[in-house]
$ cat data-v8.pdb   # PDB, C-alpha atoms
MODEL        1
ATOM      1  CA  MET X   1     -27.617 -23.949   5.871
ATOM      2  CA  ASP X   2     -25.213 -23.264   8.684
ATOM      3  CA  VAL X   3     -24.391 -19.536   8.891
ATOM      4  CA  ASP X   4     -20.642 -20.157   9.107
ATOM      5  CA  ALA X   5     -20.733 -22.376   6.009
ATOM      6  CA  ALA X   6     -22.654 -19.661   4.168
ATOM      7  CA  ARG X   7     -20.004 -17.127   5.214
ATOM      8  CA  TYR X   8     -17.200 -19.212   3.724
ATOM      9  CA  ILE X   9     -19.138 -19.772   0.484
ATOM     10  CA  ALA X  10     -19.870 -16.031   0.218
ATOM     11  CA  ALA X  11     -16.204 -15.140   0.806
ATOM     12  CA  GLY X  12     -15.150 -17.641  -1.835
ATOM     13  CA  LEU X  13     -17.650 -16.254  -4.331
ATOM     14  CA  ALA X  14     -16.513 -12.686  -3.609
ATOM     15  CA  THR X  15     -12.928 -13.557  -4.550
ATOM     16  CA  ILE X  16     -14.070 -14.287  -8.142
ATOM     17  CA  GLY X  17     -14.231 -10.518  -8.627
ATOM     18  CA  ILE X  18     -10.480 -10.265  -8.062
ATOM     19  CA  GLY X  19     -10.051 -12.132 -11.359
ATOM     20  CA  GLY X  20     -11.517  -9.085 -13.118
ATOM     21  CA  ALA X  21      -8.922  -6.852 -11.496
ATOM     22  CA  GLY X  22      -6.292  -9.361 -12.596
ATOM     23  CA  ILE X  23      -7.413  -9.066 -16.223
ATOM     24  CA  GLY X  24      -7.375  -5.256 -15.973
ATOM     25  CA  VAL X  25      -3.906  -5.091 -14.410
ATOM     26  CA  GLY X  26      -2.637  -7.555 -17.020
ATOM     27  CA  ILE X  27      -3.980  -5.408 -19.851
ATOM     28  CA  ILE X  28      -2.371  -2.285 -18.368
ATOM     29  CA  PHE X  29       1.085  -3.803 -17.946
ATOM     30  CA  GLY X  30       0.860  -5.706 -21.241
ATOM     31  CA  ASN X  31       0.066  -2.535 -23.145
ATOM     32  CA  PHE X  32       2.757  -0.639 -21.248
ATOM     33  CA  LEU X  33       5.300  -3.291 -22.191
ATOM     34  CA  SER X  34       4.365  -3.292 -25.870
ATOM     35  CA  GLY X  35       4.435   0.509 -25.898
ATOM     36  CA  ALA X  36       7.770   0.618 -24.067
ATOM     37  CA  LEU X  37       9.322  -1.937 -26.442
ATOM     38  CA  ARG X  38       8.236   0.091 -29.463
ATOM     39  CA  ASN X  39       9.528   3.355 -28.010
ATOM     40  CA  PRO X  40      11.964   2.684 -25.140
ATOM     41  CA  SER X  41      12.795   6.373 -24.740
ATOM     42  CA  ALA X  42       9.195   7.127 -23.667
ATOM     43  CA  ALA X  43       9.088   4.324 -21.067
ATOM     44  CA  ASP X  44      10.289   6.443 -18.139
ATOM     45  CA  GLN X  45       7.620   9.092 -18.664
ATOM     46  CA  LEU X  46       4.912   6.465 -18.931
ATOM     47  CA  PHE X  47       5.846   4.597 -15.765
ATOM     48  CA  ALA X  48       4.143   6.939 -13.269
ATOM     49  CA  ARG X  49       0.924   6.783 -15.298
ATOM     50  CA  VAL X  50       1.134   2.994 -15.504
ATOM     51  CA  ILE X  51       1.438   2.774 -11.727
ATOM     52  CA  PHE X  52      -1.496   5.164 -11.318
ATOM     53  CA  GLY X  53      -3.635   3.128 -13.728
ATOM     54  CA  PHE X  54      -2.573  -0.035 -11.941
ATOM     55  CA  ALA X  55      -3.566   1.436  -8.559
ATOM     56  CA  VAL X  56      -6.962   2.606  -9.810
ATOM     57  CA  THR X  57      -7.686  -0.744 -11.474
ATOM     58  CA  GLU X  58      -6.553  -2.670  -8.448
ATOM     59  CA  ALA X  59      -8.963  -0.637  -6.313
ATOM     60  CA  LEU X  60     -11.849  -2.578  -7.886
ATOM     61  CA  GLY X  61     -10.223  -5.855  -6.880
ATOM     62  CA  ILE X  62      -9.856  -4.428  -3.386
ATOM     63  CA  PHE X  63     -13.606  -3.816  -3.239
ATOM     64  CA  SER X  64     -14.309  -7.513  -3.815
ATOM     65  CA  PHE X  65     -11.655  -8.384  -1.230
ATOM     66  CA  LEU X  66     -13.490  -6.082   1.203
ATOM     67  CA  ILE X  67     -16.762  -7.864   0.461
ATOM     68  CA  ALA X  68     -15.024 -11.174   1.227
ATOM     69  CA  LEU X  69     -13.770  -9.756   4.549
ATOM     70  CA  LEU X  70     -17.234  -8.390   5.404
ATOM     71  CA  ALA X  71     -18.846 -11.724   4.577
ATOM     72  CA  LEU X  72     -16.370 -13.530   6.827
ATOM     73  CA  PHE X  73     -16.203 -11.227   9.832
ATOM     74  CA  TYR X  74     -19.202  -8.841   9.879
ATOM     75  CA  LYS X  75     -21.628 -10.094  12.508
ATOM     76  CA  ILE X  76     -25.198  -8.833  12.188
TER
ATOM     77  CA  MET G   1       1.779 -29.241  13.886
ATOM     78  CA  ALA G   2       2.952 -25.992  12.321
ATOM     79  CA  ALA G   3       1.577 -22.710  13.579
ATOM     80  CA  SER G   4      -1.122 -20.936  11.585
ATOM     81  CA  PRO G   5       0.180 -18.610   8.841
ATOM     82  CA  LEU G   6      -1.839 -15.865  10.540
ATOM     83  CA  ASP G   7       0.190 -16.099  13.768
ATOM     84  CA  GLN G   8       2.742 -13.612  12.437
ATOM     85  CA  PHE G   9       0.165 -10.815  12.634
ATOM     86  CA  LYS G  10      -0.675 -11.398  16.296
ATOM     87  CA  ILE G  11      -0.351  -8.265  18.430
ATOM     88  CA  THR G  12       1.068  -8.942  21.873
ATOM     89  CA  SER G  13       1.640  -6.558  24.739
ATOM     90  CA  LYS G  14       5.277  -5.938  25.652
ATOM     91  CA  MET G  15       4.549  -3.602  28.543
ATOM     92  CA  ASP G  16       1.125  -3.427  30.146
ATOM     93  CA  LEU G  17      -0.166   0.064  30.744
ATOM     94  CA  THR G  18      -3.645   1.296  31.493
ATOM     95  CA  VAL G  19      -4.517   4.988  31.467
ATOM     96  CA  SER G  20      -7.885   5.602  33.176
ATOM     97  CA  SER G  21      -9.458   2.329  31.955
ATOM     98  CA  ILE G  22      -8.051   2.727  28.417
ATOM     99  CA  ASP G  23      -5.666  -0.056  27.397
ATOM    100  CA  ALA G  24      -2.544   1.852  26.293
ATOM    101  CA  SER G  25      -0.081  -1.032  26.474
ATOM    102  CA  LEU G  26       3.135  -0.869  24.480
ATOM    103  CA  THR G  27       2.545  -3.588  21.871
ATOM    104  CA  ASN G  28       4.991  -5.229  19.504
ATOM    105  CA  ALA G  29       3.447  -3.183  16.665
ATOM    106  CA  ALA G  30       4.129   0.074  18.512
ATOM    107  CA  LEU G  31       7.655  -1.097  19.347
ATOM    108  CA  TRP G  32       8.382  -1.859  15.684
ATOM    109  CA  MET G  33       6.982   1.505  14.592
ATOM    110  CA  ILE G  34       9.177   3.333  17.113
ATOM    111  CA  GLY G  35      12.142   1.323  15.850
ATOM    112  CA  ILE G  36      11.352   2.123  12.210
ATOM    113  CA  VAL G  37      11.098   5.850  12.914
ATOM    114  CA  ALA G  38      14.342   5.747  14.914
ATOM    115  CA  ILE G  39      16.235   3.771  12.247
ATOM    116  CA  THR G  40      14.976   6.008   9.435
ATOM    117  CA  THR G  41      15.796   9.239  11.257
ATOM    118  CA  VAL G  42      19.176   8.145  12.583
ATOM    119  CA  GLY G  43      20.073   6.493   9.263
ATOM    120  CA  LEU G  44      19.294   9.582   7.196
ATOM    121  CA  MET G  45      21.105  11.873   9.638
ATOM    122  CA  TRP G  46      24.111   9.543   9.844
ATOM    123  CA  ALA G  47      24.332   9.392   6.041
ATOM    124  CA  MET G  48      24.293  13.204   5.872
ATOM    125  CA  ARG G  49      26.763  13.754   8.769
ATOM    126  CA  ARG G  50      29.416  15.147   6.412
ATOM    127  CA  ALA G  51      27.286  16.854   3.790
ATOM    128  CA  SER G  52      29.393  17.990   0.864
ATOM    129  CA  ILE G  53      28.757  19.267  -2.658
ATOM    130  CA  VAL G  54      30.301  16.125  -4.154
ATOM    131  CA  PRO G  55      28.387  13.389  -2.310
ATOM    132  CA  GLY G  56      30.017  10.317  -0.857
ATOM    133  CA  ARG G  57      28.482   6.851  -0.989
ATOM    134  CA  SER G  58      26.013   7.199   1.883
ATOM    135  CA  GLN G  59      25.059  10.746   0.924
ATOM    136  CA  SER G  60      24.258   9.565  -2.631
ATOM    137  CA  ILE G  61      21.662   7.136  -1.296
ATOM    138  CA  VAL G  62      19.879   9.895   0.629
ATOM    139  CA  GLU G  63      20.070  12.230  -2.370
ATOM    140  CA  LEU G  64      18.663   9.491  -4.575
ATOM    141  CA  LEU G  65      15.664   9.056  -2.259
ATOM    142  CA  TYR G  66      15.217  12.822  -1.961
ATOM    143  CA  GLU G  67      15.370  13.357  -5.735
ATOM    144  CA  PHE G  68      12.967  10.477  -6.298
ATOM    145  CA  VAL G  69      10.260  11.868  -4.001
ATOM    146  CA  ALA G  70      10.917  15.485  -5.011
ATOM    147  CA  GLY G  71      10.494  14.513  -8.671
ATOM    148  CA  MET G  72       7.269  12.690  -7.898
ATOM    149  CA  VAL G  73       5.855  15.720  -6.019
ATOM    150  CA  ARG G  74       6.990  18.123  -8.775
ATOM    151  CA  ASP G  75       5.557  16.029 -11.632
ATOM    152  CA  ASN G  76       2.197  15.436  -9.979
ATOM    153  CA  ILE G  77       1.419  18.632  -8.052
ATOM    154  CA  GLY G  78       3.647  21.212  -9.733
ATOM    155  CA  ALA G  79       5.060  24.295  -8.070
ATOM    156  CA  GLY G  80       2.242  24.374  -5.483
ATOM    157  CA  GLY G  81       3.414  21.031  -4.124
ATOM    158  CA  ARG G  82       6.605  22.267  -2.448
ATOM    159  CA  PRO G  83       5.014  22.639   1.031
ATOM    160  CA  PHE G  84       3.847  19.009   0.921
ATOM    161  CA  PHE G  85       7.259  17.515   0.154
ATOM    162  CA  PRO G  86       8.211  16.807   3.819
ATOM    163  CA  PHE G  87       4.885  15.053   4.406
ATOM    164  CA  VAL G  88       5.127  12.860   1.308
ATOM    165  CA  PHE G  89       8.795  12.085   2.001
ATOM    166  CA  SER G  90       8.110  11.006   5.603
ATOM    167  CA  LEU G  91       5.162   8.900   4.477
ATOM    168  CA  PHE G  92       7.194   7.229   1.725
ATOM    169  CA  MET G  93      10.200   6.538   3.951
ATOM    170  CA  PHE G  94       8.121   5.156   6.811
ATOM    171  CA  ILE G  95       6.112   2.798   4.610
ATOM    172  CA  LEU G  96       9.188   1.683   2.651
ATOM    173  CA  ILE G  97      11.211   0.890   5.763
ATOM    174  CA  ALA G  98       8.186  -0.710   7.467
ATOM    175  CA  ASN G  99       7.555  -2.970   4.453
ATOM    176  CA  LEU G 100      11.227  -3.953   4.232
ATOM    177  CA  ALA G 101      11.519  -4.505   8.000
ATOM    178  CA  GLY G 102       8.590  -6.895   7.706
ATOM    179  CA  MET G 103      10.702  -9.042   5.384
ATOM    180  CA  LEU G 104      13.248  -9.711   8.144
ATOM    181  CA  PRO G 105      13.072 -13.199   9.668
ATOM    182  CA  TYR G 106      10.926 -13.041  12.837
ATOM    183  CA  GLY G 107       9.994  -9.530  11.712
ATOM    184  CA  PHE G 108       6.639  -7.915  12.303
ATOM    185  CA  THR G 109       4.945  -6.103   9.420
ATOM    186  CA  VAL G 110       3.208  -3.057  10.860
ATOM    187  CA  THR G 111       1.766  -2.159   7.430
ATOM    188  CA  SER G 112      -0.136  -5.466   7.440
ATOM    189  CA  HIS G 113      -2.447  -3.978  10.070
ATOM    190  CA  ILE G 114      -5.415  -2.068   8.742
ATOM    191  CA  ALA G 115      -5.352   0.191  11.811
ATOM    192  CA  VAL G 116      -1.953   1.527  10.692
ATOM    193  CA  THR G 117      -2.649   1.874   6.967
ATOM    194  CA  MET G 118      -6.115   3.358   7.431
ATOM    195  CA  SER G 119      -4.738   6.000   9.822
ATOM    196  CA  PHE G 120      -2.327   7.056   7.070
ATOM    197  CA  ALA G 121      -5.053   7.030   4.426
ATOM    198  CA  LEU G 122      -7.482   9.018   6.584
ATOM    199  CA  THR G 123      -4.744  11.537   7.477
ATOM    200  CA  VAL G 124      -4.119  12.086   3.760
ATOM    201  CA  PHE G 125      -7.871  12.334   3.119
ATOM    202  CA  LEU G 126      -8.388  14.945   5.874
ATOM    203  CA  ILE G 127      -5.343  16.933   4.698
ATOM    204  CA  VAL G 128      -6.731  16.940   1.141
ATOM    205  CA  ILE G 129     -10.105  18.258   2.330
ATOM    206  CA  GLY G 130      -8.477  20.786   4.684
ATOM    207  CA  VAL G 131      -6.056  22.117   2.073
ATOM    208  CA  GLY G 132      -8.755  22.222  -0.590
ATOM    209  CA  ILE G 133     -11.177  24.229   1.539
ATOM    210  CA  ALA G 134      -8.444  26.508   2.911
ATOM    211  CA  LYS G 135      -7.154  27.261  -0.584
ATOM    212  CA  HIS G 136     -10.349  27.452  -2.627
ATOM    213  CA  GLY G 137     -13.151  27.886  -0.084
ATOM    214  CA  LEU G 138     -16.511  26.610  -1.275
ATOM    215  CA  HIS G 139     -15.125  26.566  -4.804
ATOM    216  CA  PHE G 140     -13.420  23.306  -3.744
ATOM    217  CA  PHE G 141     -16.696  21.488  -4.352
ATOM    218  CA  SER G 142     -16.378  22.167  -8.097
ATOM    219  CA  LEU G 143     -14.125  19.085  -7.856
ATOM    220  CA  PHE G 144     -17.301  17.044  -8.078
ATOM    221  CA  LEU G 145     -18.385  18.599 -11.395
ATOM    222  CA  PRO G 146     -15.667  18.424 -14.061
ATOM    223  CA  GLU G 147     -15.623  21.362 -16.453
ATOM    224  CA  GLY G 148     -17.610  20.935 -19.663
ATOM    225  CA  THR G 149     -20.126  18.448 -18.272
ATOM    226  CA  PRO G 150     -23.457  18.724 -20.136
ATOM    227  CA  TRP G 151     -26.213  19.875 -17.743
ATOM    228  CA  TYR G 152     -28.401  16.811 -18.333
ATOM    229  CA  LEU G 153     -25.560  14.546 -17.142
ATOM    230  CA  ALA G 154     -24.562  16.704 -14.167
ATOM    231  CA  TRP G 155     -26.659  14.846 -11.582
ATOM    232  CA  LEU G 156     -25.089  11.507 -12.577
ATOM    233  CA  ILE G 157     -21.514  12.826 -12.773
ATOM    234  CA  VAL G 158     -21.803  14.517  -9.357
ATOM    235  CA  ALA G 159     -23.090  11.298  -7.781
ATOM    236  CA  ILE G 160     -20.266   9.248  -9.323
ATOM    237  CA  GLU G 161     -17.600  11.796  -8.368
ATOM    238  CA  VAL G 162     -18.833  12.027  -4.775
ATOM    239  CA  ILE G 163     -18.796   8.237  -4.412
ATOM    240  CA  SER G 164     -15.342   7.952  -5.977
ATOM    241  CA  PHE G 165     -14.030  10.773  -3.758
ATOM    242  CA  PHE G 166     -15.238   9.140  -0.561
ATOM    243  CA  SER G 167     -14.080   5.641  -1.531
ATOM    244  CA  ARG G 168     -10.532   6.961  -1.991
ATOM    245  CA  PRO G 169      -9.359   6.600   1.617
ATOM    246  CA  ILE G 170     -10.804   3.067   1.733
ATOM    247  CA  THR G 171      -8.926   1.825  -1.326
ATOM    248  CA  HIS G 172      -5.846   3.866  -0.393
ATOM    249  CA  GLY G 173      -5.502   2.224   3.015
ATOM    250  CA  VAL G 174      -6.786  -1.242   2.168
ATOM    251  CA  ARG G 175      -4.488  -1.582  -0.875
ATOM    252  CA  LEU G 176      -1.344  -1.427   1.254
ATOM    253  CA  PHE G 177      -2.848  -3.614   3.979
ATOM    254  CA  ALA G 178      -4.143  -6.261   1.542
ATOM    255  CA  ASN G 179      -0.919  -6.482  -0.445
ATOM    256  CA  MET G 180       1.305  -6.860   2.604
ATOM    257  CA  THR G 181      -1.015  -9.309   4.384
ATOM    258  CA  ALA G 182      -1.598 -11.502   1.324
ATOM    259  CA  GLY G 183       2.118 -11.627   0.474
ATOM    260  CA  HIS G 184       3.201 -12.562   3.979
ATOM    261  CA  ILE G 185       0.509 -15.259   4.284
ATOM    262  CA  LEU G 186       1.680 -16.675   0.934
ATOM    263  CA  MET G 187       5.279 -16.873   2.183
ATOM    264  CA  LYS G 188       4.294 -18.666   5.374
ATOM    265  CA  VAL G 189       1.991 -21.082   3.522
ATOM    266  CA  PHE G 190       4.853 -22.100   1.226
ATOM    267  CA  ALA G 191       7.153 -22.405   4.238
ATOM    268  CA  GLY G 192       4.533 -24.697   5.805
ATOM    269  CA  PHE G 193       4.543 -26.869   2.637
ATOM    270  CA  ILE G 194       8.292 -27.475   3.007
ATOM    271  CA  ILE G 195       7.890 -28.785   6.551
ATOM    272  CA  SER G 196       4.799 -30.899   5.928
ATOM    273  CA  MET G 197       6.169 -32.408   2.689
ATOM    274  CA  ALA G 198       9.482 -33.268   4.340
ATOM    275  CA  ALA G 199       7.613 -34.801   7.288
ATOM    276  CA  THR G 200       5.499 -37.013   5.000
ATOM    277  CA  GLY G 201       8.580 -39.014   4.004
ATOM    278  CA  GLY G 202       9.166 -41.202   0.956
ATOM    279  CA  ALA G 203       8.957 -39.771  -2.559
ATOM    280  CA  VAL G 204       7.119 -36.668  -1.350
ATOM    281  CA  ALA G 205       9.957 -35.744   1.001
ATOM    282  CA  PHE G 206      12.365 -36.048  -1.918
ATOM    283  CA  ILE G 207      10.662 -33.182  -3.797
ATOM    284  CA  SER G 208      10.186 -30.954  -0.739
ATOM    285  CA  TRP G 209      12.804 -28.602  -2.241
ATOM    286  CA  LEU G 210      10.142 -27.493  -4.773
ATOM    287  CA  PRO G 211       8.192 -25.257  -2.344
ATOM    288  CA  PHE G 212      11.561 -24.039  -1.018
ATOM    289  CA  VAL G 213      12.526 -22.761  -4.478
ATOM    290  CA  ALA G 214       9.046 -21.257  -4.832
ATOM    291  CA  ASN G 215       9.468 -19.545  -1.456
ATOM    292  CA  VAL G 216      12.762 -17.954  -2.538
ATOM    293  CA  ALA G 217      10.973 -16.588  -5.612
ATOM    294  CA  VAL G 218       8.037 -15.352  -3.476
ATOM    295  CA  THR G 219      10.485 -13.609  -1.120
ATOM    296  CA  ALA G 220      12.061 -11.788  -4.072
ATOM    297  CA  LEU G 221       8.588 -10.841  -5.291
ATOM    298  CA  GLU G 222       7.683  -9.539  -1.823
ATOM    299  CA  MET G 223      10.786  -7.316  -1.824
ATOM    300  CA  LEU G 224       9.516  -5.836  -5.097
ATOM    301  CA  VAL G 225       5.989  -5.451  -3.712
ATOM    302  CA  ALA G 226       7.368  -3.689  -0.609
ATOM    303  CA  GLY G 227       8.973  -1.009  -2.800
ATOM    304  CA  VAL G 228       6.130  -0.747  -5.294
ATOM    305  CA  GLN G 229       3.449  -0.380  -2.619
ATOM    306  CA  ALA G 230       5.397   2.371  -0.837
ATOM    307  CA  TYR G 231       5.732   4.117  -4.213
ATOM    308  CA  VAL G 232       2.032   3.648  -5.041
ATOM    309  CA  PHE G 233       0.976   5.017  -1.650
ATOM    310  CA  ALA G 234       3.156   8.125  -2.038
ATOM    311  CA  LEU G 235       2.117   8.594  -5.684
ATOM    312  CA  LEU G 236      -1.589   8.430  -4.852
ATOM    313  CA  THR G 237      -1.017  10.892  -2.001
ATOM    314  CA  CYS G 238       0.482  13.273  -4.580
ATOM    315  CA  VAL G 239      -2.399  12.717  -7.024
ATOM    316  CA  TYR G 240      -5.010  13.381  -4.328
ATOM    317  CA  LEU G 241      -3.127  16.466  -3.097
ATOM    318  CA  ASN G 242      -3.012  17.697  -6.691
ATOM    319  CA  ASP G 243      -6.813  17.713  -6.740
ATOM    320  CA  ALA G 244      -6.843  19.868  -3.602
ATOM    321  CA  VAL G 245      -4.126  22.284  -4.741
ATOM    322  CA  ASN G 246      -5.011  22.693  -8.430
ATOM    323  CA  LEU G 247      -8.621  21.420  -8.566
ATOM    324  CA  HIS G 248      -9.339  19.693 -11.867
TER
ENDMDL
END

$ encode --input "data-v8.pdb" --output "structure tokens"
Amino acid sequence: MDVDAARYIAAGLATIGIGGAGIGVGIIFGNFLSGALRNPSAADQLFARVIFGFAVTEALGIFSFLIALLALFYKI
Amino acid sequence: MAASPLDQFKITSKMDLTVSSIDASLTNAALWMIGIVAITTVGLMWAMRRASIVPGRSQSIVELLYEFVAGMVRDNIGAGGRPFFPFVFSLFMFILIANLAGMLPYGFTVTSHIAVTMSFALTVFLIVIGVGIAKHGLHFFSLFLPEGTPWYLAWLIVAIEVISFFSRPITHGVRLFANMTAGHILMKVFAGFIISMAATGGAVAFISWLPFVANVAVTALEMLVAGVQAYVFALLTCVYLNDAVNLH
């Protein structure tokens, strides 16, 4: 197989991992929303933690994005 | 045909300059960064030109920003975080204004360059290590072994904590870069759809307003992302500094 073609396939495969981060971020914000709707007065205190959890979860999606970038641009 | 959606990130030299074989040209990225710093500084000082106890309209905006960042530093670091407030505030303001300036038509997004975001992330990382060692000495390395870890798990926990500590600057910098780059590519791809659908003619040209509506929505979303990412960057800076100031 052509090396460039293999690069594109690898980058495409690496992006599948971002779906996992999508599920995680969705769970975090979904649970925040259901918690905030049950107890709106606690929503403001929770927000900073939600953003922190979102950032930490998103970091795992970023790792697969990095792998995609490495597959595309890292020349051996 | 339309230009590539990646053209917006191209760095061009505005003033060629070479210092002893090092290319130190003034690029459009550097020009935008100088402009952002100037606008932020002059804007804040202009808004505070007549500081009074009962704030006017412009002073309220500055106080709002100040209170916002001060609250974030206080909640996350506690009393020991006071000395870091100017750093976090400058970081937050620069990234916020840079993200918003990138939304201007023909604008250049400096935060969509990994060189810029990684320099911020590495600065924060080095400050965290420096402050931690200056404050706690070798005791700083107890960060890698949370209190109450059973001895038979210690080797695993230390390995995981060391890896997570050293991957922090990577995710910290790449998060901002990836979000800004992906969002701006998305906007330009939708903008490209409008042109190519209208150029096709016939029934397709008739519905070329669809990507236009989508692009308006994406622009609104990008405005939100610009604010949220500046907030996330400053918040994570506070969380990492908290580790250095208060350990676990």

$ resolve_selection --input "data-v8.pdb" --expression "the PyMOL selection byres ((chain X) within 10 of (chain G))" --output "PyMOL selection string"
chain X and resi 48-49+51-52+54-56+58-63+65-66

$ residues_around --input "data-v8.pdb" --residues "Asn242 of chain G" --least-positions-apart "5" --cutoff "9 Å" --atoms "only C-alpha atoms" --output "ChimeraX atom specification"
/G:76-78,80-81,128,237,247-248

$ atom_distance --input "data-v8.pdb" --atom1 "atom CA of Ile195 of chain G" --atom2 "atom CA of Met223 of chain G"
23.2 Å

$ atom_distance --input "data-v8.pdb" --atom1 "atom CA of His113 of chain G" --atom2 "atom CA of Leu6 of chain G"
11.9 Å

$ residues_around --input "data-v8.pdb" --residues "Leu69 of chain X" --least-positions-apart "3" --cutoff "10 Å" --atoms "only C-alpha atoms" --output "PDB file with C-alpha atoms, in the coordinates of the input"
ATOM      1  CA  ARG X   7     -20.004 -17.127   5.214  1.00  0.00           C
ATOM      2  CA  ALA X  10     -19.870 -16.031   0.218  1.00  0.00           C
ATOM      3  CA  ALA X  11     -16.204 -15.140   0.806  1.00  0.00           C
ATOM      4  CA  ALA X  14     -16.513 -12.686  -3.609  1.00  0.00           C
ATOM      5  CA  THR X  15     -12.928 -13.557  -4.550  1.00  0.00           C
ATOM      6  CA  PHE X  63     -13.606  -3.816  -3.239  1.00  0.00           C
ATOM      7  CA  SER X  64     -14.309  -7.513  -3.815  1.00  0.00           C
ATOM      8  CA  PHE X  65     -11.655  -8.384  -1.230  1.00  0.00           C
ATOM      9  CA  LEU X  66     -13.490  -6.082   1.203  1.00  0.00           C
ATOM     10  CA  LEU X  72     -16.370 -13.530   6.827  1.00  0.00           C
ATOM     11  CA  PHE X  73     -16.203 -11.227   9.832  1.00  0.00           C
ATOM     12  CA  TYR X  74     -19.202  -8.841   9.879  1.00  0.00           C
TER      13      TYR X  74
END

$ atom_distance --input "data-v8.pdb" --atom1 "atom CA of Ser119 of chain G" --atom2 "atom CA of Met180 of chain G"
15.9 Å

$ closest_residue --input "data-v8.pdb" --among "G:Val124, G:Ile97, G:Tyr66, G:Val216" --to "Met33 of chain G" --atoms "all atoms listed in the file"
G:Ile97

$ axis_aligned_box --input "data-v8.pdb" --around "segment 125-129 of chain G" --padding-each-side "5 Å" --output "lines of an AutoDock Vina configuration file"
center_x = -7.7
center_y = 15.3
center_z = 3.5
size_x = 14.8
size_y = 15.9
size_z = 14.7

$ residues_around --input "data-v8.pdb" --residues "Asp7 of chain G" --least-positions-apart "5" --cutoff "12 Å" --atoms "only C-alpha atoms" --output "VMD selection string"
chain G and resid 2 12 106 to 109 181 184 to 185 188 to 189

$ write_last_selection --input "data-v8.pdb" --atoms "C-alpha atoms" --output "short mmCIF file (atom, residue, chain, number, x, y, z; two decimals), in the frame of the given file"
data_model
loop_
_atom_site.label_atom_id
_atom_site.label_comp_id
_atom_site.auth_asym_id
_atom_site.auth_seq_id
_atom_site.Cartn_x
_atom_site.Cartn_y
_atom_site.Cartn_z
CA ALA G 2 2.95 -25.99 12.32
CA THR G 12 1.07 -8.94 21.87
CA TYR G 106 10.93 -13.04 12.84
CA GLY G 107 9.99 -9.53 11.71
CA PHE G 108 6.64 -7.92 12.30
CA THR G 109 4.94 -6.10 9.42
CA THR G 181 -1.01 -9.31 4.38
CA HIS G 184 3.20 -12.56 3.98
CA ILE G 185 0.51 -15.26 4.28
CA LYS G 188 4.29 -18.67 5.37
CA VAL G 189 1.99 -21.08 3.52
#

$ build_atoms --input "data-v8.pdb" --residues "segment 48-61 of chain G" --atoms "N, CA and C atoms" --output "mmCIF file, in the frame of the given file"
data_model
loop_
_atom_site.group_PDB
_atom_site.id
_atom_site.type_symbol
_atom_site.label_atom_id
_atom_site.label_comp_id
_atom_site.auth_asym_id
_atom_site.auth_seq_id
_atom_site.Cartn_x
_atom_site.Cartn_y
_atom_site.Cartn_z
ATOM 1 N N MET G 48 24.055 11.800 6.263
ATOM 2 C CA MET G 48 24.293 13.204 5.872
ATOM 3 C C MET G 48 25.229 13.901 6.855
ATOM 4 N N ARG G 49 25.980 13.116 7.695
ATOM 5 C CA ARG G 49 26.763 13.754 8.769
ATOM 6 C C ARG G 49 27.853 14.649 8.201
ATOM 7 N N ARG G 50 28.407 14.289 7.041
ATOM 8 C CA ARG G 50 29.416 15.147 6.412
ATOM 9 C C ARG G 50 28.886 15.551 5.049
ATOM 10 N N ALA G 51 27.893 16.445 5.052
ATOM 11 C CA ALA G 51 27.286 16.854 3.790
ATOM 12 C C ALA G 51 28.285 17.660 2.975
ATOM 13 N N SER G 52 28.481 17.258 1.733
ATOM 14 C CA SER G 52 29.393 17.990 0.864
ATOM 15 C C SER G 52 28.759 18.127 -0.519
ATOM 16 N N ILE G 53 29.330 19.026 -1.330
ATOM 17 C CA ILE G 53 28.757 19.267 -2.658
ATOM 18 C C ILE G 53 28.935 18.037 -3.531
ATOM 19 N N VAL G 54 30.105 17.388 -3.451
ATOM 20 C CA VAL G 54 30.301 16.125 -4.154
ATOM 21 C C VAL G 54 29.979 15.007 -3.165
ATOM 22 N N PRO G 55 28.830 14.336 -3.336
ATOM 23 C CA PRO G 55 28.387 13.389 -2.310
ATOM 24 C C PRO G 55 29.241 12.139 -2.254
ATOM 25 N N GLY G 56 29.379 11.612 -1.042
ATOM 26 C CA GLY G 56 30.017 10.317 -0.857
ATOM 27 C C GLY G 56 29.004 9.215 -1.109
ATOM 28 N N ARG G 57 29.372 7.975 -0.696
ATOM 29 C CA ARG G 57 28.482 6.851 -0.989
ATOM 30 C C ARG G 57 27.166 6.958 -0.236
ATOM 31 N N SER G 58 27.241 7.184 1.094
ATOM 32 C CA SER G 58 26.013 7.199 1.883
ATOM 33 C C SER G 58 25.166 8.413 1.539
ATOM 34 N N GLN G 59 25.827 9.538 1.251
ATOM 35 C CA GLN G 59 25.059 10.746 0.924
ATOM 36 C C GLN G 59 24.316 10.565 -0.400
ATOM 37 N N SER G 60 24.917 9.800 -1.336
ATOM 38 C CA SER G 60 24.258 9.565 -2.631
ATOM 39 C C SER G 60 22.934 8.846 -2.457
ATOM 40 N N ILE G 61 22.899 7.896 -1.505
ATOM 41 C CA ILE G 61 21.662 7.136 -1.296
ATOM 42 C C ILE G 61 20.554 8.085 -0.849
#
